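J.: For reference, this is coords.txt, and it has compact mmCIF, C-alpha atoms.
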```
# COMPACT_ATOMS: atom_id res chain seq x y z
CA MET A 9 -11.88 4.19 -15.24
CA GLU A 10 -12.97 2.99 -18.67
CA ASP A 11 -14.88 -0.30 -18.62
CA ASN A 12 -12.47 -2.05 -20.99
CA ARG A 13 -9.46 -1.16 -18.86
CA LYS A 14 -11.27 -2.20 -15.69
CA LYS A 15 -12.10 -5.56 -17.28
CA GLU A 16 -8.46 -6.07 -18.26
CA LEU A 17 -7.34 -5.36 -14.70
CA LYS A 18 -9.93 -7.80 -13.37
CA LYS A 19 -8.56 -10.48 -15.72
CA ILE A 20 -5.03 -9.82 -14.54
CA ALA A 21 -6.21 -10.03 -10.92
CA VAL A 22 -7.75 -13.45 -11.62
CA ASN A 23 -4.40 -14.59 -13.02
CA VAL A 24 -2.63 -13.18 -9.96
CA ARG A 25 -4.97 -15.26 -7.80
CA LYS A 26 -4.31 -18.34 -9.93
CA GLY A 27 -0.59 -17.75 -9.46
CA ILE A 28 -1.09 -17.56 -5.69
CA ILE A 29 -2.95 -20.87 -5.63
CA GLU A 30 -0.46 -22.50 -8.02
CA GLY A 31 2.48 -21.44 -5.90
CA THR A 32 1.13 -22.40 -2.48
CA TYR A 33 -0.24 -25.70 -3.79
CA ASN A 34 3.09 -26.74 -5.27
CA ALA A 35 4.97 -25.56 -2.19
CA LYS A 36 2.56 -27.36 0.15
CA SER A 37 2.94 -24.31 2.37
CA GLY A 38 2.57 -20.54 2.31
CA HIS A 39 -0.03 -17.88 2.98
CA PRO A 40 -2.88 -17.82 0.47
CA GLY A 41 -5.51 -15.95 2.52
CA GLY A 42 -3.83 -12.55 2.79
CA SER A 43 -2.27 -12.94 -0.65
CA LEU A 44 -5.69 -13.29 -2.23
CA SER A 45 -7.07 -10.30 -0.33
CA ILE A 46 -4.34 -7.99 -1.62
CA ALA A 47 -4.40 -9.32 -5.21
CA ASP A 48 -6.46 -6.46 -6.67
CA ILE A 49 -4.25 -3.83 -5.03
CA MET A 50 -1.09 -5.53 -6.30
CA THR A 51 -2.59 -5.78 -9.77
CA TYR A 52 -3.35 -2.07 -9.86
CA LEU A 53 0.07 -1.12 -8.52
CA TYR A 54 2.07 -3.12 -11.06
CA PHE A 55 -0.16 -2.72 -14.10
CA GLU A 56 -1.45 0.84 -13.68
CA GLU A 57 0.13 2.86 -10.90
CA MET A 58 3.84 2.22 -10.54
CA ASN A 59 6.65 3.39 -12.78
CA VAL A 60 8.60 0.14 -13.18
CA ASP A 61 10.35 -1.56 -16.09
CA PRO A 62 11.03 -5.33 -16.04
CA ALA A 63 13.99 -4.72 -18.35
CA ARG A 64 15.51 -2.32 -15.80
CA PRO A 65 14.53 -3.62 -12.35
CA ASP A 66 17.28 -1.58 -10.67
CA ASP A 67 16.53 1.75 -12.36
CA GLU A 68 17.28 4.37 -9.71
CA ASN A 69 14.28 6.43 -10.85
CA ARG A 70 11.75 3.59 -10.55
CA ASP A 71 8.93 3.57 -8.04
CA ARG A 72 9.58 1.25 -5.10
CA LEU A 73 7.37 -1.30 -3.37
CA VAL A 74 8.11 -2.68 0.08
CA LEU A 75 5.86 -5.63 0.90
CA SER A 76 5.82 -5.12 4.65
CA LYS A 77 3.43 -8.05 5.03
CA GLY A 78 6.13 -10.25 3.55
CA HIS A 79 4.32 -13.54 4.12
CA THR A 80 1.99 -12.57 1.25
CA ALA A 81 4.90 -12.94 -1.16
CA PRO A 82 2.79 -15.22 -3.44
CA ALA A 83 0.75 -12.16 -4.46
CA LEU A 84 3.89 -10.11 -5.15
CA TYR A 85 5.51 -12.92 -7.11
CA ALA A 86 2.41 -13.50 -9.24
CA ALA A 87 2.18 -9.79 -10.07
CA LEU A 88 5.90 -9.56 -10.88
CA ALA A 89 5.76 -12.65 -13.09
CA LEU A 90 2.73 -11.45 -15.02
CA ARG A 91 4.40 -8.03 -15.41
CA GLY A 92 7.40 -9.75 -17.01
CA PHE A 93 10.10 -9.68 -14.32
CA PHE A 94 10.57 -13.46 -14.57
CA PRO A 95 8.76 -16.43 -16.20
CA VAL A 96 5.30 -17.27 -14.88
CA GLU A 97 6.32 -20.95 -14.78
CA LEU A 98 8.61 -20.16 -11.84
CA LEU A 99 5.58 -19.59 -9.61
CA LYS A 100 5.39 -23.37 -9.23
CA THR A 101 8.83 -23.32 -7.58
CA LEU A 102 7.66 -21.25 -4.60
CA ARG A 103 9.63 -22.07 -1.44
CA LYS A 104 11.76 -24.73 -3.15
CA PRO A 105 15.40 -24.73 -1.86
CA ASP A 106 16.92 -23.66 -5.18
CA SER A 107 14.15 -21.27 -6.21
CA ILE A 108 14.44 -17.50 -6.59
CA LEU A 109 10.98 -17.33 -4.99
CA GLN A 110 11.42 -17.96 -1.30
CA GLY A 111 8.74 -17.84 1.38
CA HIS A 112 9.40 -14.17 2.01
CA PRO A 113 10.65 -11.62 -0.54
CA SER A 114 14.41 -11.38 -1.01
CA MET A 115 15.96 -8.50 -2.94
CA ARG A 116 19.07 -10.67 -3.28
CA TYR A 117 17.40 -13.36 -5.38
CA THR A 118 14.23 -12.03 -7.00
CA PRO A 119 14.10 -9.46 -9.82
CA GLY A 120 11.72 -6.63 -8.98
CA VAL A 121 11.88 -7.05 -5.21
CA ASP A 122 12.99 -3.75 -3.68
CA MET A 123 13.34 -4.86 -0.05
CA SER A 124 13.73 -8.14 1.80
CA THR A 125 10.84 -8.45 4.24
CA GLY A 126 9.22 -10.92 6.58
CA SER A 127 9.55 -9.63 10.14
CA LEU A 128 6.25 -7.84 10.54
CA GLY A 129 6.32 -4.14 11.34
CA GLN A 130 9.71 -3.45 9.82
CA GLY A 131 8.85 -2.86 6.17
CA ILE A 132 7.32 0.56 6.67
CA SER A 133 10.53 1.76 8.33
CA ALA A 134 12.53 0.72 5.27
CA ALA A 135 9.95 2.44 3.07
CA CYS A 136 10.35 5.64 5.09
CA GLY A 137 14.10 5.50 4.45
CA MET A 138 13.57 5.07 0.73
CA ALA A 139 11.09 7.94 0.62
CA LEU A 140 13.40 10.24 2.59
CA ALA A 141 16.32 9.31 0.34
CA GLY A 142 14.22 10.26 -2.67
CA LYS A 143 13.50 13.65 -1.13
CA LEU A 144 17.14 14.31 -0.24
CA ARG A 145 18.33 13.32 -3.71
CA GLY A 146 15.68 15.32 -5.56
CA LYS A 147 14.10 12.21 -7.09
CA ASP A 148 10.43 12.06 -7.97
CA TYR A 149 9.89 8.33 -7.44
CA ARG A 150 7.20 7.11 -5.08
CA VAL A 151 7.33 4.39 -2.44
CA TYR A 152 4.43 2.02 -1.79
CA VAL A 153 4.18 -0.20 1.28
CA PRO A 154 1.37 -2.77 1.65
CA MET A 155 0.84 -3.76 5.29
CA GLY A 156 -1.41 -6.22 7.06
CA ASP A 157 -4.07 -4.99 9.44
CA GLY A 158 -2.77 -7.44 12.03
CA GLU A 159 0.73 -6.18 11.33
CA ILE A 160 -0.17 -2.67 12.45
CA GLU A 161 -0.44 -4.03 15.99
CA GLU A 162 3.37 -3.81 15.94
CA GLY A 163 4.80 -0.77 17.74
CA GLN A 164 7.47 -0.11 15.12
CA VAL A 165 4.71 0.73 12.63
CA TRP A 166 3.71 3.72 14.72
CA GLU A 167 7.28 4.92 15.22
CA ALA A 168 7.62 4.91 11.43
CA ALA A 169 4.24 6.60 11.03
CA MET A 170 5.35 9.36 13.39
CA PHE A 171 8.61 9.80 11.45
CA ALA A 172 6.86 9.90 8.06
CA GLY A 173 4.34 12.47 9.23
CA ASN A 174 7.01 14.63 10.84
CA ARG A 175 9.16 14.53 7.68
CA LYS A 176 6.14 15.22 5.44
CA LEU A 177 6.95 12.26 3.19
CA ASP A 178 4.29 12.87 0.56
CA ASN A 179 6.08 10.43 -1.76
CA LEU A 180 5.17 7.59 0.61
CA CYS A 181 1.92 5.64 0.31
CA ALA A 182 0.99 2.90 2.77
CA ILE A 183 -1.79 0.45 2.01
CA VAL A 184 -3.42 -1.38 4.92
CA ASP A 185 -4.96 -4.65 3.76
CA PHE A 186 -7.96 -4.42 6.06
CA ASN A 187 -9.49 -7.91 5.97
CA ASN A 188 -10.03 -7.98 9.77
CA LEU A 189 -8.45 -11.43 10.19
CA GLN A 190 -5.01 -12.57 11.28
CA ILE A 191 -3.60 -15.98 11.98
CA ASP A 192 -5.27 -16.43 15.38
CA GLY A 193 -8.62 -14.77 14.72
CA SER A 194 -10.21 -11.37 14.21
CA LEU A 195 -8.31 -8.20 15.05
CA ASP A 196 -10.41 -7.29 18.04
CA GLU A 197 -9.99 -10.79 19.47
CA VAL A 198 -6.19 -10.66 19.19
CA ASN A 199 -5.13 -7.06 19.84
CA SER A 200 -7.35 -4.40 18.30
CA PRO A 201 -5.56 -1.61 16.39
CA TYR A 202 -8.82 0.31 15.94
CA PRO A 203 -9.54 3.05 15.02
CA ILE A 204 -7.13 2.74 12.09
CA LYS A 205 -8.06 5.91 10.22
CA GLU A 206 -7.89 8.17 13.26
CA LYS A 207 -4.59 6.68 14.41
CA PHE A 208 -2.83 7.45 11.13
CA GLU A 209 -4.41 10.90 11.00
CA SER A 210 -3.08 11.65 14.48
CA PHE A 211 0.44 11.05 13.15
CA GLY A 212 -0.07 13.56 10.36
CA TRP A 213 -1.16 11.28 7.54
CA ASN A 214 -3.70 11.74 4.80
CA VAL A 215 -6.05 8.74 5.09
CA ILE A 216 -8.36 7.36 2.39
CA GLU A 217 -10.78 4.50 3.05
CA ILE A 218 -11.86 2.32 0.11
CA CYS A 219 -13.07 -1.09 -0.97
CA GLY A 220 -9.88 -2.91 -1.88
CA HIS A 221 -11.63 -4.93 -4.59
CA CYS A 222 -13.15 -2.01 -6.52
CA PHE A 223 -10.81 -0.76 -9.23
CA ASN A 224 -12.65 2.55 -9.55
CA GLN A 225 -12.09 3.27 -5.87
CA ILE A 226 -8.52 2.01 -6.03
CA GLU A 227 -7.79 4.31 -8.96
CA GLU A 228 -9.30 7.34 -7.21
CA ALA A 229 -7.38 6.64 -4.01
CA PHE A 230 -3.97 6.41 -5.65
CA ALA A 231 -4.69 9.51 -7.72
CA ALA A 232 -5.60 11.41 -4.56
CA ALA A 233 -2.43 10.13 -2.86
CA ARG A 234 -0.28 11.51 -5.67
CA GLN A 235 -1.99 14.88 -5.42
CA CYS A 236 -1.61 15.18 -1.64
CA LYS A 237 1.28 17.42 -0.62
CA ASP A 238 3.25 17.57 2.65
CA LYS A 239 1.63 14.44 4.07
CA PRO A 240 2.19 10.72 3.55
CA THR A 241 -0.96 8.86 2.53
CA CYS A 242 -2.43 5.71 4.02
CA ILE A 243 -5.04 3.87 1.96
CA VAL A 244 -7.14 1.69 4.26
CA ALA A 245 -8.46 -0.94 1.84
CA LYS A 246 -11.38 -3.02 3.14
CA THR A 247 -10.88 -6.49 1.73
CA VAL A 248 -12.02 -10.08 2.09
CA LYS A 249 -9.42 -12.56 3.26
CA GLY A 250 -9.18 -15.35 0.69
CA LYS A 251 -11.05 -13.28 -1.92
CA GLY A 252 -11.87 -15.22 -5.09
CA VAL A 253 -11.80 -18.72 -3.59
CA SER A 254 -15.13 -19.44 -1.92
CA TYR A 255 -13.98 -21.81 0.82
CA MET A 256 -11.11 -19.50 1.80
CA GLU A 257 -13.13 -16.29 2.06
CA ASN A 258 -13.30 -14.83 5.58
CA GLN A 259 -11.62 -17.92 7.04
CA CYS A 260 -8.54 -17.27 9.19
CA ASP A 261 -7.64 -20.99 8.91
CA TRP A 262 -6.36 -20.20 5.40
CA HIS A 263 -3.98 -17.51 6.64
CA GLY A 264 -1.05 -19.92 6.47
CA SER A 265 -2.37 -23.19 5.04
CA ALA A 266 -1.84 -24.47 1.52
CA PRO A 267 -4.61 -26.24 -0.45
CA ASN A 268 -4.38 -29.99 -1.01
CA THR A 269 -5.10 -31.46 -4.45
CA GLU A 270 -8.87 -31.50 -3.97
CA LYS A 271 -8.97 -27.92 -2.69
CA TYR A 272 -6.53 -26.82 -5.40
CA GLU A 273 -8.79 -28.15 -8.13
CA ILE A 274 -11.84 -26.44 -6.61
CA ALA A 275 -9.99 -23.13 -6.35
CA MET A 276 -8.67 -23.24 -9.90
CA ALA A 277 -12.09 -24.21 -11.26
CA GLU A 278 -13.65 -21.21 -9.51
CA LEU A 279 -10.98 -18.89 -10.86
CA ASP A 280 -11.33 -20.34 -14.36
CA LYS A 281 -15.06 -19.69 -14.14
CA ALA A 282 -14.43 -16.08 -13.05
CA MET A 283 -12.12 -15.62 -16.04
CA ALA A 284 -14.66 -17.13 -18.43
CA GLU A 285 -17.31 -14.72 -17.19
CA LEU A 286 -14.98 -11.78 -17.79
CA GLU A 287 -14.18 -13.00 -21.29
CA ALA A 288 -17.80 -13.63 -22.24
```
Once more with this new file: its structure as structure tokens, please.
T.:
Amino acid sequence: MEDNRKKELKKIAVNVRKGIIEGTYNAKSGHPGGSLSIADIMTYLYFEEMNVDPARPDDENRDRLVLSKGHTAPALYAALALRGFFPVELLKTLRKPDSILQGHPSMRYTPGVDMSTGSLGQGISAACGMALAGKLRGKDYRVYVPMGDGEIEEGQVWEAAMFAGNRKLDNLCAIVDFNNLQIDGSLDEVNSPYPIKEKFESFGWNVIEICGHCFNQIEEAFAAARQCKDKPTCIVAKTVKGKGVSYMENQCDWHGSAPNTEKYEIAMAELDKAMAELEA
């Protein structure tokens, strides 16, 4: 990836993170930790990888994204807003009763949302259906499904993985946000899904392991996924929970806690500093 383009994506990712903090702070609730860890992946998907058009959010030929880890909606909303699906100012209305930006994504209310999600483990099944429909209808769109690493402890994930491998859904790309923390602790403390790579491979998937904060590796992984035939691809992206906000990094306490005013100001100052360094 050219350095200038990589820098632009890094700037967008900082703004995605600012949107996450802005939304959860104003809502006084939400899930910043896992939203911050997936911010770089979401940035790449909406600003580099996916065929989407804010002017035509329901285009039948568009690529689809199913946010299976629906509680990280702040990351999705920030990416959609910055991409032009709705005004950035609406991020401050997160979780408000009359807002189009509810705590979990709703395809009924929010432009650009392709599937209503929230119950963990179910999103990948919906994504399989979309991918199969594309195959049956002769469409060349792709379906992307970000999942949490804690989420893959759910049995339905593996039923869907078996189905996708059996149907050779090479237009399906899952992304596991592998930050090793869930709401109650580390994965191995709660209910270890390890080994992740070997599990997906056993169900007939192409698996790529990357750093989920390195845009060069992210670019290479999605390119390889597009080139892979007769197998769905799972990108296992090693990330840092709370990435970009020092006091949130690698802290499971910030899985579902919103920053107060003091913490909000610290977070925004750190993100402003990161942006200034990129613009220098």
J.: Of the candidates A:Asn12, A:Asn199, A:Ser194, A:Asn34, which shows the shortest atom-to-atom distance to A:Thr101, using only C-alpha atoms?
T.: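 Comparing A:Asn12, A:Asn199, A:Ser194, A:Asn34 against A:Thr101, the winner is A:Asn34.
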J.: If you count only C-alpha atoms, which residues fall within 10 Å of A:Arg64, apart from same-chain ones fewer than 6 positions away, as an MDAnalysis selection string?
T.: chainID A and resid 70 93 119:120
J.: If you count all atoms listed in the file, which residues fall within 12 Å of A:Val60, apart from same-chain ones fewer than 4 positions away, as number ranges by chain?
T.: A: 53-56, 64-73, 88, 91-93, 119-122, 149-151
J.: Compile the contact shell of A:Thr80 as a ChimeraX atom specification: residues with an atom at most 9 Å away, counting only C-alpha atoms, same-chain residues fewer than 4 positions apart removed.
T.: /A:38-44,46,75,84,111-113
J.: Which residues are near A:Glu227? Cut-off 12 Å, only C-alpha atoms, ignore same chain within fewer than 6 positions. Put them as a PDB file with C-alpha atoms, in the coordinates of the input.
T.:
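Listed below is the output, selection.pdb:
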```pdb
ATOM      1  CA  MET A   9     -11.880   4.190 -15.240  1.00  0.00           C
ATOM      2  CA  GLU A  10     -12.970   2.990 -18.670  1.00  0.00           C
ATOM      3  CA  ARG A  13      -9.460  -1.160 -18.860  1.00  0.00           C
ATOM      4  CA  LYS A  14     -11.270  -2.200 -15.690  1.00  0.00           C
ATOM      5  CA  LEU A  17      -7.340  -5.360 -14.700  1.00  0.00           C
ATOM      6  CA  ASP A  48      -6.460  -6.460  -6.670  1.00  0.00           C
ATOM      7  CA  ILE A  49      -4.250  -3.830  -5.030  1.00  0.00           C
ATOM      8  CA  THR A  51      -2.590  -5.780  -9.770  1.00  0.00           C
ATOM      9  CA  TYR A  52      -3.350  -2.070  -9.860  1.00  0.00           C
ATOM     10  CA  LEU A  53       0.070  -1.120  -8.520  1.00  0.00           C
ATOM     11  CA  PHE A  55      -0.160  -2.720 -14.100  1.00  0.00           C
ATOM     12  CA  GLU A  56      -1.450   0.840 -13.680  1.00  0.00           C
ATOM     13  CA  GLU A  57       0.130   2.860 -10.900  1.00  0.00           C
ATOM     14  CA  MET A  58       3.840   2.220 -10.540  1.00  0.00           C
ATOM     15  CA  ILE A 216      -8.360   7.360   2.390  1.00  0.00           C
ATOM     16  CA  ILE A 218     -11.860   2.320   0.110  1.00  0.00           C
ATOM     17  CA  CYS A 219     -13.070  -1.090  -0.970  1.00  0.00           C
ATOM     18  CA  GLY A 220      -9.880  -2.910  -1.880  1.00  0.00           C
ATOM     19  CA  HIS A 221     -11.630  -4.930  -4.590  1.00  0.00           C
ATOM     20  CA  ALA A 233      -2.430  10.130  -2.860  1.00  0.00           C
ATOM     21  CA  ARG A 234      -0.280  11.510  -5.670  1.00  0.00           C
ATOM     22  CA  ILE A 243      -5.040   3.870   1.960  1.00  0.00           C
TER      23      ILE A 243
END
```
J.: Go ahead and compute the interatomic distance for atom CA of A:Met155 and atom CA of A:Lys77, in Å to one decimal.
T.: 5.0 Å
J.: So that I can see what lies close to A:Glu206, please list as a PyMOL selection string the residues with an atom at most 12 Å from it, counting all atoms listed in the file and leaving out residues fewer than 5 positions away in the same chain.
T.: chain A and resi 201+211-217+242+244
J.: Write the residues of the preceding selection, restricted to C-alpha atoms, as a PDB file, keeping the file's coordinate frame.
T.:
```pdb
ATOM      1  CA  PRO A 201      -5.560  -1.610  16.390  1.00  0.00           C
ATOM      2  CA  PHE A 211       0.440  11.050  13.150  1.00  0.00           C
ATOM      3  CA  GLY A 212      -0.070  13.560  10.360  1.00  0.00           C
ATOM      4  CA  TRP A 213      -1.160  11.280   7.540  1.00  0.00           C
ATOM      5  CA  ASN A 214      -3.700  11.740   4.800  1.00  0.00           C
ATOM      6  CA  VAL A 215      -6.050   8.740   5.090  1.00  0.00           C
ATOM      7  CA  ILE A 216      -8.360   7.360   2.390  1.00  0.00           C
ATOM      8  CA  GLU A 217     -10.780   4.500   3.050  1.00  0.00           C
ATOM      9  CA  CYS A 242      -2.430   5.710   4.020  1.00  0.00           C
ATOM     10  CA  VAL A 244      -7.140   1.690   4.260  1.00  0.00           C
TER      11      VAL A 244
END
```
J.: Separation of atom CA of A:Ile132 and atom CA of A:Gly264, in Å?
T.: 22.1 Å
J.: How would you write as a PyMOL selection string the residues that get within 10 Å of (-10.1, 1.4, 11.0) in the file's frame, counting all atoms listed in the file?
T.: chain A and resi 157+184+186+188+200-208+217+244-246
J.: Rank nothing, just name the residue among A:Asn179, A:Ala169, A:Thr241, A:Leu128 nearest to A:Gly146, using only C-alpha atoms.
T.: A:Asn179
J.: Take atom CA of A:Met50 and atom CA of A:Lys100 and report the distance between them in Å, one decimal.
T.: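 Atom CA of A:Lys100 lies at a distance of 19.2 Å from atom CA of A:Met50.
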J.: Name the closest residue to A:Tyr85 among the candidates A:Ala135, A:Ile108, A:Met170, A:Cys236; distances are taken between atoms, counting only C-alpha atoms.
T.: A:Ile108
J.: Compare A:Gln164, A:Gly137, A:Phe94, A:Thr247 by their minimum atom-to-atom distance to A:Thr118, counting all atoms listed in the file, and give me the closest one.
T.: A:Phe94
J.: Would you give the centre and edge lengths, in Å to one decimal, of a box along x, y and z around the listed atoms of stretch 176-180 of chain A, with 4 Å added to each side, as AutoDock Vina command-line options?
T.:
```
--center_x 5.6 --center_y 11.4 --center_z 1.8 --size_x 10.7 --size_y 15.6 --size_z 15.2
```
J.: Dump as JSON, numbers by chain all residues having an atom at most 12 Å from (-13.8, -15.3, -20.7), computed in the file's coordinates with only C-alpha atoms.
T.: {"A": [15, 16, 18, 19, 22, 279, 280, 281, 282, 283, 284, 285, 286, 287, 288]}
J.: Store the residues picked out above in a file with C-alpha atoms, as an mmCIF file, in the frame of the given file.
T.:
```
data_model
loop_
_atom_site.group_PDB
_atom_site.id
_atom_site.type_symbol
_atom_site.label_atom_id
_atom_site.label_comp_id
_atom_site.auth_asym_id
_atom_site.auth_seq_id
_atom_site.Cartn_x
_atom_site.Cartn_y
_atom_site.Cartn_z
ATOM 1 C CA LYS A 15 -12.100 -5.560 -17.280
ATOM 2 C CA GLU A 16 -8.460 -6.070 -18.260
ATOM 3 C CA LYS A 18 -9.930 -7.800 -13.370
ATOM 4 C CA LYS A 19 -8.560 -10.480 -15.720
ATOM 5 C CA VAL A 22 -7.750 -13.450 -11.620
ATOM 6 C CA LEU A 279 -10.980 -18.890 -10.860
ATOM 7 C CA ASP A 280 -11.330 -20.340 -14.360
ATOM 8 C CA LYS A 281 -15.060 -19.690 -14.140
ATOM 9 C CA ALA A 282 -14.430 -16.080 -13.050
ATOM 10 C CA MET A 283 -12.120 -15.620 -16.040
ATOM 11 C CA ALA A 284 -14.660 -17.130 -18.430
ATOM 12 C CA GLU A 285 -17.310 -14.720 -17.190
ATOM 13 C CA LEU A 286 -14.980 -11.780 -17.790
ATOM 14 C CA GLU A 287 -14.180 -13.000 -21.290
ATOM 15 C CA ALA A 288 -17.800 -13.630 -22.240
#
```
J.: Which residue gives the smallest distance to A:Pro154 among A:Ala182, A:Ala89, A:Val253, A:Leu99, with all atoms listed in the file counted?
T.: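 Checking each candidate against A:Pro154, we get A:Ala182 as the closest.
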J.: Go through A:Met256, A:Leu102, A:Ile226, A:Ala172 and flag the residue nearest A:Tyr33, using only C-alpha atoms for the distances.
T.: A:Leu102
J.: Dump stretch 266-282 of chain A with N, CA, C and O atoms to a file, as a short mmCIF file (atom, residue, chain, number, x, y, z; two decimals), in the first residue's frame.
T.:
```cif
data_model
loop_
_atom_site.label_atom_id
_atom_site.label_comp_id
_atom_site.auth_asym_id
_atom_site.auth_seq_id
_atom_site.Cartn_x
_atom_site.Cartn_y
_atom_site.Cartn_z
N ALA A 266 -19.07 3.17 29.49
CA ALA A 266 -18.85 4.42 28.77
C ALA A 266 -17.96 5.35 29.60
O ALA A 266 -18.00 5.33 30.84
N PRO A 267 -17.16 6.19 28.94
CA PRO A 267 -16.30 7.13 29.68
C PRO A 267 -17.11 8.26 30.30
O PRO A 267 -18.08 8.74 29.69
N ASN A 268 -16.71 8.68 31.51
CA ASN A 268 -17.29 9.89 32.09
C ASN A 268 -16.61 11.10 31.47
O ASN A 268 -15.76 10.97 30.58
N THR A 269 -16.94 12.30 31.94
CA THR A 269 -16.40 13.51 31.32
C THR A 269 -14.89 13.56 31.39
O THR A 269 -14.21 13.89 30.40
N GLU A 270 -14.33 13.22 32.54
CA GLU A 270 -12.87 13.24 32.69
C GLU A 270 -12.21 12.26 31.72
O GLU A 270 -11.26 12.61 31.01
N LYS A 271 -12.72 11.04 31.67
CA LYS A 271 -12.15 10.02 30.80
C LYS A 271 -12.38 10.36 29.32
O LYS A 271 -11.54 10.07 28.46
N TYR A 272 -13.53 10.96 29.03
CA TYR A 272 -13.82 11.40 27.67
C TYR A 272 -12.78 12.41 27.19
O TYR A 272 -12.25 12.30 26.07
N GLU A 273 -12.48 13.38 28.03
CA GLU A 273 -11.52 14.42 27.65
C GLU A 273 -10.13 13.85 27.46
O GLU A 273 -9.40 14.25 26.54
N ILE A 274 -9.74 12.89 28.29
CA ILE A 274 -8.44 12.24 28.13
C ILE A 274 -8.39 11.49 26.80
O ILE A 274 -7.42 11.59 26.05
N ALA A 275 -9.45 10.73 26.53
CA ALA A 275 -9.49 9.94 25.29
C ALA A 275 -9.42 10.83 24.06
O ALA A 275 -8.65 10.57 23.12
N MET A 276 -10.21 11.89 24.04
CA MET A 276 -10.24 12.77 22.88
C MET A 276 -8.91 13.50 22.70
O MET A 276 -8.45 13.72 21.58
N ALA A 277 -8.27 13.86 23.81
CA ALA A 277 -6.96 14.51 23.73
C ALA A 277 -5.93 13.56 23.13
O ALA A 277 -5.10 13.96 22.31
N GLU A 278 -5.97 12.29 23.53
CA GLU A 278 -5.04 11.31 22.97
C GLU A 278 -5.28 11.10 21.48
O GLU A 278 -4.33 10.99 20.70
N LEU A 279 -6.54 11.06 21.09
CA LEU A 279 -6.86 10.86 19.67
C LEU A 279 -6.52 12.10 18.85
O LEU A 279 -6.06 11.99 17.71
N ASP A 280 -6.72 13.28 19.43
CA ASP A 280 -6.32 14.52 18.76
C ASP A 280 -4.80 14.54 18.56
O ASP A 280 -4.31 14.97 17.50
N LYS A 281 -4.07 14.07 19.55
CA LYS A 281 -2.61 14.02 19.44
C LYS A 281 -2.20 13.04 18.33
O LYS A 281 -1.29 13.34 17.54
N ALA A 282 -2.87 11.90 18.27
CA ALA A 282 -2.57 10.92 17.21
C ALA A 282 -2.83 11.52 15.84
O ALA A 282 -2.04 11.30 14.90
#
```
